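Next comes upload.cif, a file with mmCIF, C-alpha atoms and all ligand atoms.
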```cif
data_target
loop_
_atom_site.label_atom_id
_atom_site.label_comp_id
_atom_site.auth_asym_id
_atom_site.auth_seq_id
_atom_site.Cartn_x
_atom_site.Cartn_y
_atom_site.Cartn_z
CA MET T 1 70.49 53.26 90.80
CA ILE T 2 73.51 54.19 92.86
CA GLY T 3 74.29 51.61 95.52
CA GLY T 4 74.29 52.89 99.08
CA MET T 5 71.86 55.71 98.41
CA THR T 6 70.37 56.61 101.74
CA SER T 7 67.82 59.33 101.21
CA GLU T 8 65.33 60.32 98.58
CA ILE T 9 65.04 64.05 98.88
CA TYR T 10 62.28 64.59 96.37
CA PRO T 11 59.59 62.07 95.49
CA ALA T 12 59.39 61.06 91.84
CA ASP T 13 56.77 62.85 89.81
CA PRO T 14 54.22 60.67 88.06
CA GLY T 15 55.97 59.76 84.81
CA ASP T 16 54.78 59.32 81.26
CA ALA T 17 55.99 55.85 80.40
CA SER T 18 54.01 55.76 77.16
CA ALA T 19 56.25 58.45 75.65
CA ALA T 20 59.19 56.03 75.79
CA GLU T 21 57.15 53.19 74.31
CA ASN T 22 56.17 55.25 71.29
CA ALA T 23 59.59 56.75 70.77
CA PRO T 24 61.75 55.88 67.77
CA ARG T 25 63.93 52.83 68.31
CA GLY T 26 67.62 53.22 67.91
CA ARG T 27 69.01 49.80 68.74
CA ASP T 28 70.36 49.36 65.22
CA GLY T 29 72.59 52.37 65.78
CA SER T 30 70.57 54.42 63.32
CA PRO T 31 71.97 57.97 63.23
CA ALA T 32 68.49 59.50 62.83
CA VAL T 33 68.22 61.05 66.26
CA PRO T 34 65.15 63.26 66.63
CA PRO T 35 65.95 66.91 67.28
CA PRO T 36 64.89 68.60 70.50
CA PRO T 37 61.40 70.16 70.55
CA PRO T 38 61.38 73.58 68.82
CA SER T 39 60.14 75.30 71.97
CA LEU T 40 63.49 74.57 73.59
CA LEU T 41 65.31 76.41 70.83
CA SER T 42 63.18 79.45 70.07
CA SER T 43 60.43 81.40 71.66
CA SER T 44 57.67 79.68 69.66
CA SER T 45 55.77 78.72 72.80
CA ALA T 46 57.60 78.83 76.12
CA PRO T 47 60.64 81.12 76.39
CA PRO T 48 63.94 79.42 75.48
CA HIS T 49 66.79 78.60 77.84
CA ILE T 50 68.92 81.67 78.41
CA LEU T 51 72.10 79.69 77.61
CA GLU T 52 70.77 78.19 74.38
CA PRO T 53 72.85 79.68 71.54
CA ALA T 54 69.79 79.82 69.29
CA ALA T 55 68.01 81.93 71.91
CA GLY T 56 70.33 84.76 70.88
CA LEU T 57 70.84 86.60 74.16
CA GLU T 58 73.42 88.95 72.58
CA GLU T 59 71.07 89.88 69.74
CA TRP T 60 68.22 90.30 72.21
CA LEU T 61 70.35 92.77 74.20
CA ARG T 62 71.35 94.63 71.06
CA GLN T 63 67.73 95.05 70.03
CA ARG T 64 67.05 96.61 73.40
CA GLN T 65 69.95 99.06 73.07
CA GLN T 66 71.87 97.22 75.76
CA PRO T 67 75.64 96.71 75.58
CA VAL T 68 76.42 93.19 74.43
CA TRP T 69 78.90 92.68 77.28
CA ARG T 70 75.88 92.39 79.53
CA ALA T 71 75.56 88.82 78.22
CA LYS T 72 78.88 88.11 79.93
CA ALA T 73 77.65 89.72 83.12
CA ILE T 74 74.54 87.56 82.97
CA ARG T 75 76.67 84.42 82.52
CA ARG T 76 78.79 85.48 85.48
CA TRP T 77 75.61 85.77 87.54
CA LEU T 78 74.50 82.29 86.50
CA PHE T 79 77.76 80.43 86.85
CA GLY T 80 79.78 82.32 89.41
CA ARG T 81 77.12 83.82 91.61
CA ARG T 82 74.50 81.13 91.22
CA ALA T 83 71.61 83.43 90.37
CA ALA T 84 68.44 81.37 90.36
CA SER T 85 66.46 83.98 88.42
CA PRO T 86 67.03 87.35 86.70
CA ALA T 87 65.59 88.96 89.85
CA ASP T 88 68.84 88.02 91.62
CA MET T 89 70.98 89.93 89.10
CA THR T 90 70.95 93.06 91.18
CA ASP T 91 73.37 95.15 89.14
CA LEU T 92 71.04 95.02 86.12
CA SER T 93 68.25 97.56 85.90
CA LYS T 94 64.90 96.46 87.23
CA ASP T 95 63.36 96.87 83.81
CA LEU T 96 66.00 94.66 82.19
CA ARG T 97 65.54 92.00 84.86
CA THR T 98 61.79 91.96 84.26
CA ARG T 99 62.24 91.68 80.51
CA LEU T 100 64.84 88.91 80.84
CA ALA T 101 62.46 86.98 83.08
CA ALA T 102 59.68 87.33 80.52
CA ASP T 103 61.74 86.27 77.48
CA PHE T 104 64.11 83.57 78.81
CA ARG T 105 64.20 80.68 81.22
CA ILE T 106 67.07 79.48 83.40
CA TRP T 107 65.24 76.34 84.50
CA THR T 108 63.58 74.24 81.81
CA THR T 109 63.90 71.10 83.95
CA THR T 110 62.39 70.04 87.25
CA ILE T 111 64.02 67.75 89.80
CA ALA T 112 62.03 64.51 89.72
CA ARG T 113 64.28 62.81 92.22
CA HIS T 114 67.35 63.73 94.22
CA SER T 115 69.35 60.93 95.85
CA ARG T 116 72.33 61.20 98.13
CA ALA T 117 74.85 58.45 98.96
CA ASP T 118 76.81 58.11 102.19
CA ASP T 119 80.02 59.00 100.36
CA GLY T 120 78.75 62.45 99.34
CA THR T 121 77.70 61.46 95.83
CA GLU T 122 74.47 63.08 94.71
CA LYS T 123 72.35 62.13 91.77
CA LEU T 124 69.56 64.09 90.11
CA LEU T 125 66.85 62.66 87.94
CA LEU T 126 65.74 65.66 85.88
CA GLU T 127 62.45 65.90 84.06
CA LEU T 128 62.70 67.86 80.83
CA GLU T 129 60.07 70.09 79.32
CA ASP T 130 58.69 67.24 77.19
CA ARG T 131 58.55 65.01 80.31
CA GLN T 132 61.53 62.92 79.24
CA ARG T 133 64.00 62.18 81.99
CA ILE T 134 67.77 62.28 82.25
CA GLU T 135 70.29 61.78 85.02
CA CYS T 136 73.30 63.70 86.21
CA VAL T 137 75.63 63.13 89.13
CA LEU T 138 77.90 65.10 91.46
CA LEU T 139 80.94 63.23 92.78
CA ARG T 140 83.03 64.42 95.69
CA GLU T 141 86.60 63.08 95.85
CA GLY T 142 89.09 65.05 97.93
CA ASP T 143 89.16 68.55 96.43
CA ARG T 144 87.54 67.40 93.23
CA ARG T 145 83.94 68.17 92.46
CA THR T 146 83.25 66.15 89.34
CA VAL T 147 79.97 66.14 87.48
CA CYS T 148 78.82 63.31 85.23
CA ILE T 149 76.35 64.61 82.66
CA SER T 150 74.05 63.17 79.99
CA SER T 151 74.14 64.12 76.32
CA GLN T 152 70.97 62.43 75.00
CA VAL T 153 67.68 61.05 76.25
CA GLY T 154 68.31 57.30 75.90
CA CYS T 155 71.02 56.02 73.55
CA ALA T 156 71.13 54.50 70.08
CA MET T 157 74.33 52.51 70.50
CA GLY T 158 72.57 49.47 71.99
CA CYS T 159 75.39 48.23 74.28
CA VAL T 160 73.66 45.09 75.53
CA PHE T 161 74.63 45.47 79.20
CA CYS T 162 73.76 49.18 79.59
CA ALA T 163 70.51 50.54 81.01
CA SER T 164 70.61 53.80 79.04
CA GLY T 165 69.99 52.25 75.63
CA LEU T 166 67.34 49.70 76.53
CA ASP T 167 64.58 51.82 75.01
CA GLY T 168 66.70 53.21 72.19
CA VAL T 169 67.33 56.90 71.74
CA ILE T 170 64.53 59.40 72.24
CA ARG T 171 66.29 62.64 71.32
CA ASN T 172 69.38 64.79 71.57
CA LEU T 173 69.68 67.18 74.48
CA THR T 174 69.91 70.88 73.69
CA THR T 175 72.94 72.97 74.64
CA GLY T 176 70.77 74.65 77.27
CA GLU T 177 69.76 71.30 78.77
CA ILE T 178 73.38 70.15 78.91
CA LEU T 179 74.40 73.37 80.68
CA GLU T 180 71.40 73.26 82.98
CA GLN T 181 72.68 69.96 84.39
CA LEU T 182 75.84 71.84 85.43
CA LEU T 183 73.81 74.65 86.97
CA ARG T 184 71.58 72.22 88.86
CA LEU T 185 74.57 70.27 90.22
CA GLN T 186 76.41 73.46 91.14
CA GLN T 187 73.41 74.45 93.28
CA LEU T 188 74.12 71.38 95.44
CA LEU T 189 77.54 72.71 96.48
CA PRO T 190 78.17 75.07 99.39
CA ALA T 191 79.03 78.62 98.32
CA ASP T 192 82.79 78.17 98.78
CA GLU T 193 83.06 75.10 96.54
CA ARG T 194 83.09 74.99 92.76
CA LEU T 195 82.78 72.36 90.08
CA SER T 196 86.25 71.23 88.99
CA HIS T 197 85.84 68.38 86.48
CA ILE T 198 83.27 67.26 83.91
CA VAL T 199 82.84 63.75 82.57
CA VAL T 200 80.37 63.24 79.73
CA MET T 201 79.60 59.68 80.73
CA GLY T 202 75.93 59.89 81.56
CA MET T 203 73.09 58.82 79.37
CA GLY T 204 73.66 58.89 75.61
CA GLU T 205 76.50 58.89 73.10
CA PRO T 206 78.19 62.31 73.31
CA LEU T 207 79.82 62.04 69.89
CA ALA T 208 76.37 61.59 68.33
CA ASN T 209 75.39 65.03 69.65
CA LEU T 210 78.57 67.08 69.13
CA ASP T 211 76.72 70.03 67.59
CA ARG T 212 75.03 70.73 70.91
CA LEU T 213 77.66 69.34 73.26
CA LEU T 214 80.64 71.38 72.01
CA PRO T 215 79.02 74.80 72.55
CA ALA T 216 78.00 73.68 76.05
CA LEU T 217 81.55 72.56 76.86
CA ALA T 218 82.92 75.82 75.44
CA THR T 219 80.68 77.77 77.82
CA ALA T 220 81.82 75.56 80.70
CA GLN T 221 85.45 76.53 79.91
CA ASP T 222 84.70 80.22 79.52
CA PRO T 223 86.10 82.30 82.42
CA GLU T 224 82.60 83.82 82.53
CA GLY T 225 81.23 80.27 82.72
CA PHE T 226 82.60 77.66 85.09
CA GLY T 227 86.20 78.26 83.98
CA ILE T 228 86.86 74.51 83.85
CA SER T 229 89.90 73.88 81.67
CA GLN T 230 89.63 71.50 78.74
CA ARG T 231 92.00 68.98 80.25
CA ARG T 232 89.56 68.54 83.11
CA ILE T 233 86.79 67.54 80.74
CA THR T 234 86.47 63.90 79.66
CA ILE T 235 84.29 62.78 76.79
CA SER T 236 83.51 59.07 76.81
CA THR T 237 82.54 57.49 73.50
CA VAL T 238 81.56 54.11 72.17
CA GLY T 239 84.04 54.93 69.37
CA LEU T 240 82.49 56.63 66.32
CA PRO T 241 85.46 57.20 63.96
CA LYS T 242 83.96 60.05 61.90
CA ALA T 243 82.99 61.98 65.01
CA ILE T 244 86.38 61.30 66.64
CA ASP T 245 87.99 62.70 63.47
CA ARG T 246 85.80 65.80 63.71
CA LEU T 247 86.97 66.30 67.27
CA THR T 248 90.58 65.74 66.16
CA GLU T 249 90.20 68.50 63.59
CA GLU T 250 88.19 70.98 65.60
CA ASN T 251 89.00 70.45 69.21
CA PRO T 252 91.53 67.82 70.27
CA GLY T 253 92.10 69.24 73.76
CA TYR T 254 89.51 67.16 75.55
CA HIS T 255 90.39 64.01 77.39
CA LEU T 256 88.92 61.21 75.26
CA ALA T 257 87.89 57.86 76.69
CA VAL T 258 86.98 55.11 74.23
CA SER T 259 84.76 52.26 75.43
CA LEU T 260 86.19 48.99 74.08
CA HIS T 261 84.78 46.15 76.24
CA ALA T 262 86.33 43.54 73.93
CA ALA T 263 89.55 43.26 71.95
CA GLU T 264 88.22 41.31 68.96
CA ASP T 265 85.39 42.13 66.61
CA PRO T 266 83.03 39.16 67.12
CA LEU T 267 82.76 39.67 70.88
CA ARG T 268 82.73 43.46 70.61
CA THR T 269 79.91 43.34 68.06
CA ARG T 270 77.96 41.10 70.43
CA LEU T 271 78.39 43.55 73.31
CA VAL T 272 78.43 46.81 71.37
CA PRO T 273 76.19 46.22 68.31
CA VAL T 274 77.16 49.49 66.63
CA ASN T 275 80.62 47.92 66.22
CA LYS T 276 79.25 45.72 63.43
CA SER T 277 79.43 48.43 60.79
CA ILE T 278 82.57 50.06 62.21
CA GLY T 279 85.05 47.45 63.42
CA LEU T 280 87.81 47.75 66.01
CA ALA T 281 90.54 48.60 63.50
CA GLU T 282 88.73 51.82 62.52
CA VAL T 283 88.04 52.72 66.15
CA MET T 284 91.69 52.27 67.10
CA ALA T 285 92.92 54.18 64.03
CA ALA T 286 90.64 57.14 64.85
CA ALA T 287 91.76 57.05 68.49
CA ASP T 288 95.39 57.12 67.32
CA ARG T 289 94.73 60.15 65.12
CA TYR T 290 93.15 61.91 68.09
CA TRP T 291 96.16 61.04 70.23
CA GLU T 292 98.57 62.38 67.60
CA ALA T 293 96.68 65.68 67.45
CA SER T 294 96.14 66.08 71.17
CA GLY T 295 99.24 64.53 72.70
CA ARG T 296 96.96 63.65 75.61
CA ARG T 297 96.98 60.17 77.00
CA LEU T 298 94.22 58.01 75.60
CA THR T 299 91.96 56.11 77.91
CA PHE T 300 90.20 52.91 76.95
CA GLU T 301 87.29 51.71 79.02
CA TYR T 302 86.61 48.03 79.51
CA VAL T 303 83.53 46.90 81.41
CA LEU T 304 84.27 43.50 82.94
CA LEU T 305 81.32 41.14 82.53
CA GLY T 306 81.61 37.89 84.48
CA SER T 307 82.37 34.87 82.23
CA VAL T 308 81.91 36.97 79.08
CA ASN T 309 85.01 39.12 78.53
CA ASP T 310 86.99 38.60 81.75
CA SER T 311 89.25 35.61 81.05
CA PRO T 312 93.07 35.80 81.01
CA GLU T 313 92.83 35.11 77.25
CA ASP T 314 90.57 38.16 76.87
CA ALA T 315 93.21 40.17 78.74
CA GLN T 316 95.94 38.86 76.42
CA ARG T 317 93.89 39.85 73.39
CA LEU T 318 93.57 43.33 74.88
CA VAL T 319 97.33 43.51 75.42
CA ARG T 320 97.85 42.59 71.75
CA LEU T 321 95.29 45.13 70.56
CA LEU T 322 96.90 47.96 72.54
CA GLY T 323 100.38 47.05 71.29
CA ARG T 324 102.82 49.83 72.06
CA ARG T 325 100.23 52.56 72.68
CA ALA T 326 100.83 54.57 75.84
CA ALA T 327 97.25 54.19 76.92
CA LEU T 328 95.43 53.91 80.21
CA VAL T 329 92.93 51.08 80.53
CA ASN T 330 90.05 51.88 82.80
CA VAL T 331 88.61 48.55 83.97
CA ILE T 332 85.03 48.90 85.20
CA PRO T 333 83.53 45.93 87.05
CA TYR T 334 79.99 45.52 85.73
CA ASN T 335 77.25 47.16 87.75
CA ALA T 336 74.30 44.78 87.47
CA VAL T 337 71.17 46.11 85.74
CA ALA T 338 67.86 44.60 86.87
CA GLY T 339 66.38 42.35 84.21
CA LEU T 340 69.61 41.92 82.23
CA PRO T 341 71.45 38.57 82.26
CA TRP T 342 75.00 39.91 82.77
CA ARG T 343 76.94 39.42 85.98
CA GLU T 344 79.74 41.11 87.84
CA PRO T 345 83.14 39.44 87.50
CA THR T 346 84.26 37.35 90.49
CA PRO T 347 87.08 38.95 92.53
CA GLY T 348 89.36 36.10 91.33
CA SER T 349 88.65 36.56 87.62
CA GLN T 350 89.01 40.33 87.96
CA GLU T 351 92.43 39.94 89.62
CA ARG T 352 93.63 37.44 86.99
CA PHE T 353 92.50 39.81 84.21
CA LEU T 354 94.32 42.74 85.81
CA ASP T 355 97.44 40.65 86.42
CA VAL T 356 97.80 39.82 82.73
CA LEU T 357 97.54 43.50 81.81
CA ARG T 358 99.94 44.67 84.51
CA THR T 359 102.49 41.96 83.74
CA ALA T 360 102.47 43.10 80.11
CA GLY T 361 103.20 46.65 81.27
CA VAL T 362 99.77 48.07 80.49
CA ASN T 363 98.76 51.06 82.58
CA VAL T 364 95.58 49.95 84.34
CA GLN T 365 93.15 51.60 86.66
CA VAL T 366 90.14 49.93 88.22
CA ARG T 367 87.40 52.44 88.53
CA ARG T 368 86.81 52.74 92.24
CA ARG T 369 83.45 51.71 93.58
CA LYS T 370 82.16 55.23 93.79
CA GLY T 371 83.05 56.06 90.21
CA ALA T 372 81.80 52.71 89.02
CA ARG T 373 78.51 53.24 90.76
CA ILE T 374 78.04 56.60 89.18
CA ASP T 375 79.17 56.01 85.64
CA ALA T 376 77.74 52.57 85.42
CA ALA T 377 74.49 53.55 87.06
CA CYS T 378 73.69 56.06 84.34
CA GLY T 379 70.35 55.15 82.86
CA GLN T 380 69.34 52.94 85.72
CA LEU T 381 67.68 55.54 87.90
CA ARG T 382 65.52 56.72 85.02
CA ARG T 383 64.36 53.15 84.38
CA LEU T 384 63.60 52.40 87.98
CA ALA T 385 61.59 55.59 88.30
CA ALA T 386 59.68 54.88 85.09
CA GLN T 387 58.86 51.36 86.28
CA ALA T 388 57.70 52.64 89.65
CA THR T 389 55.30 55.24 88.29
N1 LIG T 401 78.20 56.31 75.17
C1 LIG T 401 79.40 56.59 75.91
C2 LIG T 401 79.11 57.02 77.34
C3 LIG T 401 78.40 55.92 78.07
S1 LIG T 401 78.54 55.68 79.80
C4 LIG T 401 80.30 55.36 75.90
O1 LIG T 401 79.89 54.32 75.40
O2 LIG T 401 81.43 55.47 76.36
C5 LIG T 401 80.21 55.51 80.23
C6 LIG T 401 80.73 54.09 80.43
O3 LIG T 401 79.91 53.31 81.34
C7 LIG T 401 80.81 53.31 79.13
O4 LIG T 401 82.08 52.70 79.05
C8 LIG T 401 79.73 52.27 79.31
O5 LIG T 401 79.96 51.12 78.55
C9 LIG T 401 79.80 52.01 80.81
N2 LIG T 401 78.61 51.33 81.36
C10 LIG T 401 77.34 51.41 80.94
N3 LIG T 401 76.53 50.64 81.70
C11 LIG T 401 77.32 50.04 82.63
C12 LIG T 401 77.08 49.11 83.69
N4 LIG T 401 75.86 48.69 83.97
N5 LIG T 401 78.14 48.71 84.45
C13 LIG T 401 79.39 49.19 84.20
N6 LIG T 401 79.67 50.07 83.21
C14 LIG T 401 78.66 50.49 82.42
#
```
Spit out the file's structure as structure tokens when you get a sec.
Amino acid sequence: MIGGMTSEIYPADPGDASAAENAPRGRDGSPAVPPPPPSLLSSSSAPPHILEPAAGLEEWLRQRQQPVWRAKAIRRWLFGRRAASPADMTDLSKDLRTRLAADFRIWTTTIARHSRADDGTEKLLLELEDRQRIECVLLREGDRRTVCISSQVGCAMGCVFCASGLDGVIRNLTTGEILEQLLRLQQLLPADERLSHIVVMGMGEPLANLDRLLPALATAQDPEGFGISQRRITISTVGLPKAIDRLTEENPGYHLAVSLHAAEDPLRTRLVPVNKSIGLAEVMAAADRYWEASGRRLTFEYVLLGSVNDSPEDAQRLVRLLGRRAALVNVIPYNAVAGLPWREPTPGSQERFLDVLRTAGVNVQVRRRKGARIDAACGQLRRLAAQAT
């Protein structure tokens, strides 16, 4: 949970903890991620999300002899004018509004909990249609309004210090659910403010759900969507070479952040079990290919765990691994997770680690407390709420 949270705006709904217990386990990094429930993709039971590509809004309009550009107008209503229901879309005919409301949904989630920190950070715990829960966060920093969104329920990567993967992966999020996080967070802003940046650093491994994530990010860039340019969108990955290569081929304009956490295979495999079948050399080679295609600076993330990966020797190994790459290292002091044995680094060990990197000329950034709280806290709120209910 985010430190310094002062107010719970909504109480948590009673949860369904048994769903998580019976869910498939993904700690071995198994790629078999269950698909979202069919009802979220088609109108088999409840109406689908209006932004779900499979819901076919354009085709729906065509069948009703409506011009297809109305889909754009509807997106403008949702993203730019914050319509909460078709009834708000006042330049559409009344009949069309009624039919849209009957055949599509804008809100497939409910807010199970809404927390606000003193520094303006807000965090939503969203309950999905199948009662699974995900988190998303709004960060306010100067003019920036950054959202941190989830890509999966749970995570299969099994990073041993992270709360998101403790129960394995439950399922991929749909495109509609990914976009709905943006809509929900946008609703928290006053009318004259808009979302400016997206970081896909919430729950889940985004590169394990590219098929649903990329259409959502494309809509976010659309001038009829949020109009957020690609260079303001960061995708954080544990480092899946095949998926990085797919991004290199299809869409290398995003800012990519690769989570390293260790500079040699034995320690990395201990901390990031999925590394066992991949290996650092492959991760770095794929990151290099992405860099060559994108020309954008690469970021490597390194969570500092006290007495585990925070010694000056660990820093030297990292310097050697990075070699001559013009990369930014994002050092994230560990945010303790209840029940896990890992500790924050001491201020002294953190400084010594940073000194080695800086002396070697590595570009380093320590994620400021606010950012650390948000990114690192992903997965924790869901757990706390599940334990409490
Ligand atoms: N699966 C993606 C996104 C995960 S969250 C990835 O691995 O990059 C984004 C970052 O937060 C990752 O670097 C992750 O290792 C880190 N993180 C997770 N739990 C944390 C914690 N408790 N404290 C600090 N950082 C954490």
List all protein, DNA and RNA residues that have at least one atom no more than 7 Å from any atom of ligand LIG 401 (chain T), counting all atoms listed in the file, and write them as a VMD selection string.
-> chain T and resid 159 161 to 163 200 to 206 236 to 238 257 to 259 301 to 303 332 to 337 372 375 to 378
Polymer residues at most 10 Å from Ala208 (chain T), all atoms listed in the file, same-chain spacing of 3 or more positions, as a ChimeraX atom specification | /T:31-33,151-152,155-157,172,204-205,211-213,237-238,240,243
How many Å separate CA of Leu340 (chain T) from CA of Leu166 (chain T)?
->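 If I compute the distance from CA of Leu340 (chain T) to CA of Leu166 (chain T), I get 9.9 Å.
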Nearest candidate to Leu183 (chain T) (options T:Phe226, T:Glu135, T:Ala263, T:Leu357; using all atoms listed in the file) =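 Counting all atoms listed in the file, the residue closest to Leu183 (chain T) is T:Phe226.
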Neighbourhood query: residues within 12 Å of (79.0, 39.0, 72.3), file coordinates, counting only C-alpha atoms; return as an MDAnalysis selection string.
-> chainID T and resid 159:161 261:273 275:276 305 307:309 342
Would you write out those residues with C-alpha atoms, as a PDB file, keeping the file's coordinate frame?
```pdb
ATOM      1  CA  CYS T 159      75.390  48.230  74.280  1.00  0.00           C
ATOM      2  CA  VAL T 160      73.660  45.090  75.530  1.00  0.00           C
ATOM      3  CA  PHE T 161      74.630  45.470  79.200  1.00  0.00           C
ATOM      4  CA  HIS T 261      84.780  46.150  76.240  1.00  0.00           C
ATOM      5  CA  ALA T 262      86.330  43.540  73.930  1.00  0.00           C
ATOM      6  CA  ALA T 263      89.550  43.260  71.950  1.00  0.00           C
ATOM      7  CA  GLU T 264      88.220  41.310  68.960  1.00  0.00           C
ATOM      8  CA  ASP T 265      85.390  42.130  66.610  1.00  0.00           C
ATOM      9  CA  PRO T 266      83.030  39.160  67.120  1.00  0.00           C
ATOM     10  CA  LEU T 267      82.760  39.670  70.880  1.00  0.00           C
ATOM     11  CA  ARG T 268      82.730  43.460  70.610  1.00  0.00           C
ATOM     12  CA  THR T 269      79.910  43.340  68.060  1.00  0.00           C
ATOM     13  CA  ARG T 270      77.960  41.100  70.430  1.00  0.00           C
ATOM     14  CA  LEU T 271      78.390  43.550  73.310  1.00  0.00           C
ATOM     15  CA  VAL T 272      78.430  46.810  71.370  1.00  0.00           C
ATOM     16  CA  PRO T 273      76.190  46.220  68.310  1.00  0.00           C
ATOM     17  CA  ASN T 275      80.620  47.920  66.220  1.00  0.00           C
ATOM     18  CA  LYS T 276      79.250  45.720  63.430  1.00  0.00           C
ATOM     19  CA  LEU T 305      81.320  41.140  82.530  1.00  0.00           C
ATOM     20  CA  SER T 307      82.370  34.870  82.230  1.00  0.00           C
ATOM     21  CA  VAL T 308      81.910  36.970  79.080  1.00  0.00           C
ATOM     22  CA  ASN T 309      85.010  39.120  78.530  1.00  0.00           C
ATOM     23  CA  TRP T 342      75.000  39.910  82.770  1.00  0.00           C
TER      24      TRP T 342
END
```
In Å to one decimal, how far is CA of Arg343 (chain T) from CA of Ala112 (chain T)?
->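 Those two atoms sit 29.4 Å apart.
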Measure the distance from CA of Arg317 (chain T) to CA of Met284 (chain T) in Å and round it to one decimal.
->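 Here the two named atoms are 14.1 Å from each other.
The nearest approach to Pro347 (chain T) among the residues T:Val274, T:Leu304, T:Ile106, T:Leu125, with only C-alpha atoms taken into account, belongs to T:Leu304.
The point (80.9, 83.8, 84.9) has these residues within 6 Å of it when only C-alpha atoms are used: Arg75, Arg76, Phe79, Gly80, Pro223, Glu224 and Gly225 of chain T.
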Dump as a PDB file, in the coordinates of the input, selection limited to C-alpha atoms:
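So part21.pdb came out as:
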```pdb
ATOM      1  CA  ARG T  75      76.670  84.420  82.520  1.00  0.00           C
ATOM      2  CA  ARG T  76      78.790  85.480  85.480  1.00  0.00           C
ATOM      3  CA  PHE T  79      77.760  80.430  86.850  1.00  0.00           C
ATOM      4  CA  GLY T  80      79.780  82.320  89.410  1.00  0.00           C
ATOM      5  CA  PRO T 223      86.100  82.300  82.420  1.00  0.00           C
ATOM      6  CA  GLU T 224      82.600  83.820  82.530  1.00  0.00           C
ATOM      7  CA  GLY T 225      81.230  80.270  82.720  1.00  0.00           C
TER       8      GLY T 225
END
```
Would you mind telling me which residue in T:Ala218, T:Leu92, T:Val362, T:Ala102 lies nearest to Trp77 (chain T) when using only C-alpha atoms?
-> T:Leu92
Could you give me, as an MDAnalysis selection string, the residues within 9 Å of region 353-356 of chain T, counting only C-alpha atoms and dropping anything in the same chain fewer than 2 positions from it?
-> chainID T and resid 310:316 319 331 348:351 358:362 364:366
Store the residues picked out above, limited to C-alpha atoms, as a JSON list (two decimals), keeping the file's coordinate frame.
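Output contents, as saved in out-v1.json:
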```json
[["chain", "number", "residue", "atom", "x", "y", "z"],
["T", 310, "ASP", "CA", 86.99, 38.60, 81.75],
["T", 311, "SER", "CA", 89.25, 35.61, 81.05],
["T", 312, "PRO", "CA", 93.07, 35.80, 81.01],
["T", 313, "GLU", "CA", 92.83, 35.11, 77.25],
["T", 314, "ASP", "CA", 90.57, 38.16, 76.87],
["T", 315, "ALA", "CA", 93.21, 40.17, 78.74],
["T", 316, "GLN", "CA", 95.94, 38.86, 76.42],
["T", 319, "VAL", "CA", 97.33, 43.51, 75.42],
["T", 331, "VAL", "CA", 88.61, 48.55, 83.97],
["T", 348, "GLY", "CA", 89.36, 36.10, 91.33],
["T", 349, "SER", "CA", 88.65, 36.56, 87.62],
["T", 350, "GLN", "CA", 89.01, 40.33, 87.96],
["T", 351, "GLU", "CA", 92.43, 39.94, 89.62],
["T", 358, "ARG", "CA", 99.94, 44.67, 84.51],
["T", 359, "THR", "CA", 102.49, 41.96, 83.74],
["T", 360, "ALA", "CA", 102.47, 43.10, 80.11],
["T", 361, "GLY", "CA", 103.20, 46.65, 81.27],
["T", 362, "VAL", "CA", 99.77, 48.07, 80.49],
["T", 364, "VAL", "CA", 95.58, 49.95, 84.34],
["T", 365, "GLN", "CA", 93.15, 51.60, 86.66],
["T", 366, "VAL", "CA", 90.14, 49.93, 88.22]]
```
Residue neighbourhood Arg133 (chain T), 7 Å, all atoms listed in the file, exclusion window fewer than 3 positions, as a PyMOL selection string = chain T and resi 125-128+153+382
Residues at most 8 Å from Pro241 (chain T), counting all atoms listed in the file, excluding those fewer than 4 positions away in the same chain, as a compact mmCIF listing (two decimals) with C-alpha atoms, in the frame of the given file?
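What follows is the written file around-v1.txt:
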```txt
# COMPACT_ATOMS: atom_id res chain seq x y z
CA ASP T 245 87.99 62.70 63.47
CA ILE T 278 82.57 50.06 62.21
CA GLU T 282 88.73 51.82 62.52
CA VAL T 283 88.04 52.72 66.15
CA ALA T 286 90.64 57.14 64.85
CA ALA T 287 91.76 57.05 68.49
```
If you count only C-alpha atoms, which residues fall within 12 Å of Glu58 (chain T), apart from same-chain ones fewer than 5 positions away, as a PyMOL selection string?
-> chain T and resi 50-53+63-75+100
For region 330-335 of chain T, where the input has fewer atoms than it should, I would like N, CA and C atoms rebuilt and written as a PDB file, in the frame of the given file.
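out_34.pdb, written as the output of this step:
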```
ATOM      1  N   ASN T 330      90.933  51.689  81.661  1.00  0.00           N
ATOM      2  CA  ASN T 330      90.050  51.880  82.800  1.00  0.00           C
ATOM      3  C   ASN T 330      89.145  50.647  82.881  1.00  0.00           C
ATOM      4  N   VAL T 331      89.409  49.775  83.836  1.00  0.00           N
ATOM      5  CA  VAL T 331      88.610  48.550  83.970  1.00  0.00           C
ATOM      6  C   VAL T 331      87.437  48.859  84.901  1.00  0.00           C
ATOM      7  N   ILE T 332      86.240  48.584  84.422  1.00  0.00           N
ATOM      8  CA  ILE T 332      85.030  48.900  85.200  1.00  0.00           C
ATOM      9  C   ILE T 332      84.286  47.595  85.498  1.00  0.00           C
ATOM     10  N   PRO T 333      84.319  47.127  86.754  1.00  0.00           N
ATOM     11  CA  PRO T 333      83.530  45.930  87.050  1.00  0.00           C
ATOM     12  C   PRO T 333      82.055  46.219  86.782  1.00  0.00           C
ATOM     13  N   TYR T 334      81.386  45.306  86.128  1.00  0.00           N
ATOM     14  CA  TYR T 334      79.990  45.520  85.730  1.00  0.00           C
ATOM     15  C   TYR T 334      79.115  45.828  86.933  1.00  0.00           C
ATOM     16  N   ASN T 335      78.236  46.787  86.740  1.00  0.00           N
ATOM     17  CA  ASN T 335      77.250  47.160  87.750  1.00  0.00           C
ATOM     18  C   ASN T 335      75.916  46.575  87.283  1.00  0.00           C
TER      19      ASN T 335
END
```
